[in-house]
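Working notes, beginning with the structure itself.
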Amino acid sequence: MNLEKIWTKSFISISLVQLLIFLSFYALLTTLPIYVIDQFGGNEAEGGLVVTAMLLAAIIVRFFSAKLLDKIGKKRGLVISVAVFMITSFLYLFTESYTSLLALRFFHGFSFGIITTATGAIAADIIPASRKGAGLGYFAMAMNVAVVLGPFLGLTLIQYVSFQTLFLILGVLMIVALINSMMVQVEDKIVLKDNDKKRLSIHDFIEIRALPIAIIASLASLSYASVMSFISVYATSIGLASTASFFFLVFAAVMLITKPYIGRSFDLKGPRFVLLPCLTFFAIGLITLSVTNSSWMLLFAAGLIGLGYGSILPGFQTIAIQISPDSRSSHATSTFFILYDLGIAIGSFVWGLIVSGIGFSNVYLVAAAMVVVALFLFEFYYRRSSKKEEKYANAQ
């Protein structure tokens, strides 16, 4: 069987844009709280707020990003938003107060929200329909690799150079992202106004068909926030600080090794065959994390979470796009990431609030329970969707 080609020039370019944007995002996410404390004399709460500000703006703009991309075209929207993201990256060089930094972070979130809607929608458009699962799996690897490289780059650089140099390097990387965004070739279907007086509806902002799977995905991202935000703090609290730096390396290694097989399985055997085991491994990984007392257990948990969570995001995103019309890929992508980002944002805040009361071990047990809930909800959703398709096929 001849498989259609995934790795085209445009796919490589859009994947590089995704990688570089998220590399900058995660580098700043891990270093700006330190910058706030060191340069402006702020506290941990103020350091956390610069992270929340950007994510909040991204969530807000996602409600409008799909409609905007329909009006101006995905390629043009991508290039413009990457250009704004690049300019904003250089503006960090000129922040002289905490207030100006907070405002800049909020502004930065707007271009980030549009870019990540555009990249996902463009990737969905240029990947052959028969290879959507594998293709979006490979595309998601760009973000997953950035989860590891971004913090590593940021935290390593600030040990040897100033924050100003870090901002300059990230700005230069964004120039590379802008060049790659211009190299993407995608057939833009610009949606023209057919009635200027037409009232706005919920369909202008979100894709209703993508909502159920996006809600299930948000439970997974809510659980993952407990890992992303607190794994280094947790490792330090149990005397494994030196091992924590290897956590995401193991996570990424397992994810990269298993991704090709999982992507092919998704396309050939369906989402249920892939996502139920992935959710199970993710839950087991969180449970392992809750009882970790040695380096090997911490890294074993990292491998389980990499095997499980690493394929959950692209898997759910693929379903959200596949169940929506091709003309609504931007709306499906933005709807999916609104809920996904909301899970991360709420999780980072809520886990931080409750950890002092119940401890990290119990936090990871609760997070594992939420993944189990997501598993049962997905099974219910999948069975219901399959019955609907069967009814429709019989009616034909």
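Residues in the structure tokens are named by chain (A, B, ... in the order shown) and by number from 1 within that chain; ligands are numbered from 1 in the order shown.
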
*region 122-137 of chain A environment, 6 Å, only C-alpha atoms, sequence neighbours closer than 5 positions dropped, as a ChimeraX atom specification*: /A:6,263-264,266-267,314

Each region 311-371 of chain A residue no farther than 12 Å from region 227-251 of chain A, nearest pair in Å, only C-alpha atoms, as a tab-separated table:
residue	atom	partner	partner_atom	distance
A:Ser311	CA	A:Phe251	CA	11.6
A:Ile344	CA	A:Met228	CA	8.9
A:Ala345	CA	A:Ser229	CA	10.1
A:Ile346	CA	A:Ser229	CA	11.4
A:Gly347	CA	A:Ser229	CA	8.7
A:Ser348	CA	A:Ser229	CA	6.0
A:Phe349	CA	A:Ser229	CA	9.2
A:Val350	CA	A:Ser229	CA	10.9
A:Trp351	CA	A:Phe230	CA	8.6
A:Gly352	CA	A:Phe230	CA	8.2
A:Leu353	CA	A:Phe230	CA	11.9
A:Val355	CA	A:Phe230	CA	9.7
A:Ser356	CA	A:Tyr234	CA	11.8
A:Gly359	CA	A:Tyr234	CA	9.4
A:Phe360	CA	A:Tyr234	CA	6.5
A:Ser361	CA	A:Tyr234	CA	8.8
A:Asn362	CA	A:Tyr234	CA	11.7
A:Val363	CA	A:Val227	CA	9.9
A:Tyr364	CA	A:Val227	CA	8.2
A:Leu365	CA	A:Val227	CA	11.8
A:Ala367	CA	A:Val227	CA	9.3
A:Ala368	CA	A:Val227	CA	11.1

Written selection (N, CA, C and O atoms) as a PDB file, in the first residue's frame:
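What follows is the written file result-v6.pdb:
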ATOM      1  N   SER A 311       0.914  11.163  23.449  1.00  0.00           N
ATOM      2  CA  SER A 311       0.040  10.924  22.293  1.00  0.00           C
ATOM      3  C   SER A 311      -1.406  11.350  22.529  1.00  0.00           C
ATOM      4  O   SER A 311      -2.222  11.301  21.607  1.00  0.00           O
ATOM      5  N   ILE A 344      -4.670  23.749  31.461  1.00  0.00           N
ATOM      6  CA  ILE A 344      -3.318  24.045  31.948  1.00  0.00           C
ATOM      7  C   ILE A 344      -3.339  25.237  32.902  1.00  0.00           C
ATOM      8  O   ILE A 344      -2.732  25.209  33.986  1.00  0.00           O
ATOM      9  N   ALA A 345      -4.052  26.304  32.497  1.00  0.00           N
ATOM     10  CA  ALA A 345      -4.089  27.538  33.302  1.00  0.00           C
ATOM     11  C   ALA A 345      -4.750  27.290  34.663  1.00  0.00           C
ATOM     12  O   ALA A 345      -4.226  27.698  35.698  1.00  0.00           O
ATOM     13  N   ILE A 346      -5.910  26.627  34.643  1.00  0.00           N
ATOM     14  CA  ILE A 346      -6.622  26.345  35.894  1.00  0.00           C
ATOM     15  C   ILE A 346      -5.813  25.378  36.751  1.00  0.00           C
ATOM     16  O   ILE A 346      -5.679  25.564  37.966  1.00  0.00           O
ATOM     17  N   GLY A 347      -5.246  24.349  36.095  1.00  0.00           N
ATOM     18  CA  GLY A 347      -4.477  23.353  36.832  1.00  0.00           C
ATOM     19  C   GLY A 347      -3.275  23.955  37.539  1.00  0.00           C
ATOM     20  O   GLY A 347      -3.019  23.668  38.714  1.00  0.00           O
ATOM     21  N   SER A 348      -2.533  24.822  36.838  1.00  0.00           N
ATOM     22  CA  SER A 348      -1.340  25.431  37.432  1.00  0.00           C
ATOM     23  C   SER A 348      -1.700  26.224  38.682  1.00  0.00           C
ATOM     24  O   SER A 348      -0.941  26.263  39.655  1.00  0.00           O
ATOM     25  N   PHE A 349      -2.873  26.853  38.657  1.00  0.00           N
ATOM     26  CA  PHE A 349      -3.315  27.668  39.797  1.00  0.00           C
ATOM     27  C   PHE A 349      -3.902  26.794  40.906  1.00  0.00           C
ATOM     28  O   PHE A 349      -3.518  26.909  42.071  1.00  0.00           O
ATOM     29  N   VAL A 350      -4.808  25.890  40.540  1.00  0.00           N
ATOM     30  CA  VAL A 350      -5.524  25.085  41.532  1.00  0.00           C
ATOM     31  C   VAL A 350      -4.600  24.108  42.259  1.00  0.00           C
ATOM     32  O   VAL A 350      -4.659  23.980  43.487  1.00  0.00           O
ATOM     33  N   TRP A 351      -3.725  23.412  41.500  1.00  0.00           N
ATOM     34  CA  TRP A 351      -2.805  22.475  42.164  1.00  0.00           C
ATOM     35  C   TRP A 351      -1.912  23.210  43.156  1.00  0.00           C
ATOM     36  O   TRP A 351      -1.596  22.683  44.231  1.00  0.00           O
ATOM     37  N   GLY A 352      -1.516  24.428  42.791  1.00  0.00           N
ATOM     38  CA  GLY A 352      -0.682  25.222  43.692  1.00  0.00           C
ATOM     39  C   GLY A 352      -1.416  25.585  44.978  1.00  0.00           C
ATOM     40  O   GLY A 352      -0.806  25.682  46.045  1.00  0.00           O
ATOM     41  N   LEU A 353      -2.732  25.776  44.867  1.00  0.00           N
ATOM     42  CA  LEU A 353      -3.524  26.120  46.044  1.00  0.00           C
ATOM     43  C   LEU A 353      -3.697  24.926  46.986  1.00  0.00           C
ATOM     44  O   LEU A 353      -3.619  25.081  48.205  1.00  0.00           O
ATOM     45  N   VAL A 355      -1.932  21.976  47.084  1.00  0.00           N
ATOM     46  CA  VAL A 355      -0.792  21.139  47.455  1.00  0.00           C
ATOM     47  C   VAL A 355      -0.370  21.336  48.913  1.00  0.00           C
ATOM     48  O   VAL A 355       0.046  20.389  49.583  1.00  0.00           O
ATOM     49  N   SER A 356      -0.523  22.570  49.429  1.00  0.00           N
ATOM     50  CA  SER A 356      -0.136  22.821  50.824  1.00  0.00           C
ATOM     51  C   SER A 356      -1.055  22.096  51.801  1.00  0.00           C
ATOM     52  O   SER A 356      -0.666  21.790  52.926  1.00  0.00           O
ATOM     53  N   GLY A 359      -0.613  17.778  50.105  1.00  0.00           N
ATOM     54  CA  GLY A 359       0.707  17.253  49.762  1.00  0.00           C
ATOM     55  C   GLY A 359       0.801  16.795  48.316  1.00  0.00           C
ATOM     56  O   GLY A 359      -0.218  16.513  47.671  1.00  0.00           O
ATOM     57  N   PHE A 360       2.023  16.723  47.805  1.00  0.00           N
ATOM     58  CA  PHE A 360       2.235  16.374  46.399  1.00  0.00           C
ATOM     59  C   PHE A 360       1.760  14.969  46.061  1.00  0.00           C
ATOM     60  O   PHE A 360       1.185  14.730  44.996  1.00  0.00           O
ATOM     61  N   SER A 361       2.001  14.011  46.945  1.00  0.00           N
ATOM     62  CA  SER A 361       1.602  12.630  46.659  1.00  0.00           C
ATOM     63  C   SER A 361       0.116  12.528  46.386  1.00  0.00           C
ATOM     64  O   SER A 361      -0.321  11.883  45.417  1.00  0.00           O
ATOM     65  N   ASN A 362      -0.684  13.189  47.211  1.00  0.00           N
ATOM     66  CA  ASN A 362      -2.139  13.166  47.024  1.00  0.00           C
ATOM     67  C   ASN A 362      -2.568  13.974  45.803  1.00  0.00           C
ATOM     68  O   ASN A 362      -3.562  13.629  45.147  1.00  0.00           O
ATOM     69  N   VAL A 363      -1.831  15.040  45.503  1.00  0.00           N
ATOM     70  CA  VAL A 363      -2.130  15.821  44.293  1.00  0.00           C
ATOM     71  C   VAL A 363      -2.025  14.929  43.062  1.00  0.00           C
ATOM     72  O   VAL A 363      -2.900  14.935  42.188  1.00  0.00           O
ATOM     73  N   TYR A 364      -0.968  14.117  42.995  1.00  0.00           N
ATOM     74  CA  TYR A 364      -0.786  13.260  41.822  1.00  0.00           C
ATOM     75  C   TYR A 364      -1.792  12.110  41.788  1.00  0.00           C
ATOM     76  O   TYR A 364      -2.165  11.631  40.707  1.00  0.00           O
ATOM     77  N   LEU A 365      -2.259  11.687  42.958  1.00  0.00           N
ATOM     78  CA  LEU A 365      -3.326  10.679  42.987  1.00  0.00           C
ATOM     79  C   LEU A 365      -4.635  11.262  42.468  1.00  0.00           C
ATOM     80  O   LEU A 365      -5.373  10.605  41.711  1.00  0.00           O
ATOM     81  N   ALA A 367      -4.858  13.801  40.412  1.00  0.00           N
ATOM     82  CA  ALA A 367      -4.651  14.007  38.977  1.00  0.00           C
ATOM     83  C   ALA A 367      -4.861  12.695  38.213  1.00  0.00           C
ATOM     84  O   ALA A 367      -5.459  12.678  37.124  1.00  0.00           O
ATOM     85  N   ALA A 368      -4.380  11.584  38.777  1.00  0.00           N
ATOM     86  CA  ALA A 368      -4.567  10.274  38.143  1.00  0.00           C
ATOM     87  C   ALA A 368      -6.050   9.920  38.074  1.00  0.00           C
ATOM     88  O   ALA A 368      -6.524   9.380  37.055  1.00  0.00           O
TER      89      ALA A 368
END

*Taking the chain letters and numbering used in this document, name the residues of region 34-197 of chain A that DSSP puts in alpha helix (DSSP H), as a ChimeraX atom specification.*
/A:34-40,44-72,74-91,98-126,132-160,163-183

*From the set A:Tyr340, A:Phe106, A:Phe380, A:Tyr26, which residue has the shortest atom-to-atom contact distance to Ile312 (chain A), counting only C-alpha atoms?*
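The closest residue to Ile312 (chain A) is A:Tyr340.
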
_Restricting the calculation to only C-alpha atoms: of A:Ile323, A:Ala142, A:Leu102, A:Ile284, which residue gets closest to Leu20 (chain A)?_
A:Ala142

_A:Lys269, A:Arg328, A:His108, A:Arg383 ranked by distance to Lys74 (chain A), top pick (using only C-alpha atoms)_ =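 Looking only at the distances to Lys74 (chain A), the closest residue turns out to be A:Arg328.
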
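Non-sequential neighbours of Ile215 (chain A) (distance at most 7 Å, separation of 4 or more positions within a chain, only C-alpha atoms) are Leu211, Leu219 and Leu339 of chain A.
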
*For Gly154 (chain A), which residue out of A:Phe336, A:Phe273, A:Trp7, A:Phe25 is the nearest one, using only C-alpha atoms?*
A:Phe25

_Could you tell me how far CA of Pro151 (chain A) sits from CA of Ser290 (chain A), in Å to one decimal place?_
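Taking CA of Ser290 (chain A) as the start and CA of Pro151 (chain A) as the end point, the length is 23.4 Å.
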
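For the atom pair formed by CA of Val17 (chain A) and CA of Leu279 (chain A), the distance is 28.4 Å, given to one decimal.
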
*Among listed residues A:Ile80, A:Leu307, A:Met54, A:Ala301, nearest Lys259 (chain A) (using only C-alpha atoms)*: A:Leu307

*Could you check which of A:Ala374, A:Ala121, A:Ile21, A:Leu299 is closest to Pro325 (chain A), using only C-alpha atoms?*
A:Ala121

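Put simply, CA of Phe90 (chain A) is 8.5 Å away from CA of Val172 (chain A).
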
*Got a sec: who's within 12 Å of Leu49 (chain A), counting only C-alpha atoms, leaving out chain neighbours fewer than 4 positions off, as a PyMOL selection string?*
chain A and resi 29+32-33+36-37+42-45+53-56+98-99+101-103+105-106+345+348-349

_For Ala214 (chain A): contacts at 8 Å, only C-alpha atoms, fewer than 4 positions along chain excluded, given as a list in words_ =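 The neighbour list is Ala210, Ser218, Phe316, Gln317, Ala320, Thr335, Phe336, Phe337, Leu339 and Tyr340 of chain A.
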
*asked:* Env of Ala283 (chain A): 10 Å cut, atoms = only C-alpha atoms, seq-sep filter 6 positions within chain, self excluded. Answer as a list in words.
replied: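 Returned residues: Ala220, Ser223, Pro277, Leu289, Leu304, Ile305, Gly308, Tyr309, Tyr364, Leu365, Val366, Ala367, Ala368, Ala369, Met370, Val371, Val372 and Leu375 of chain A.
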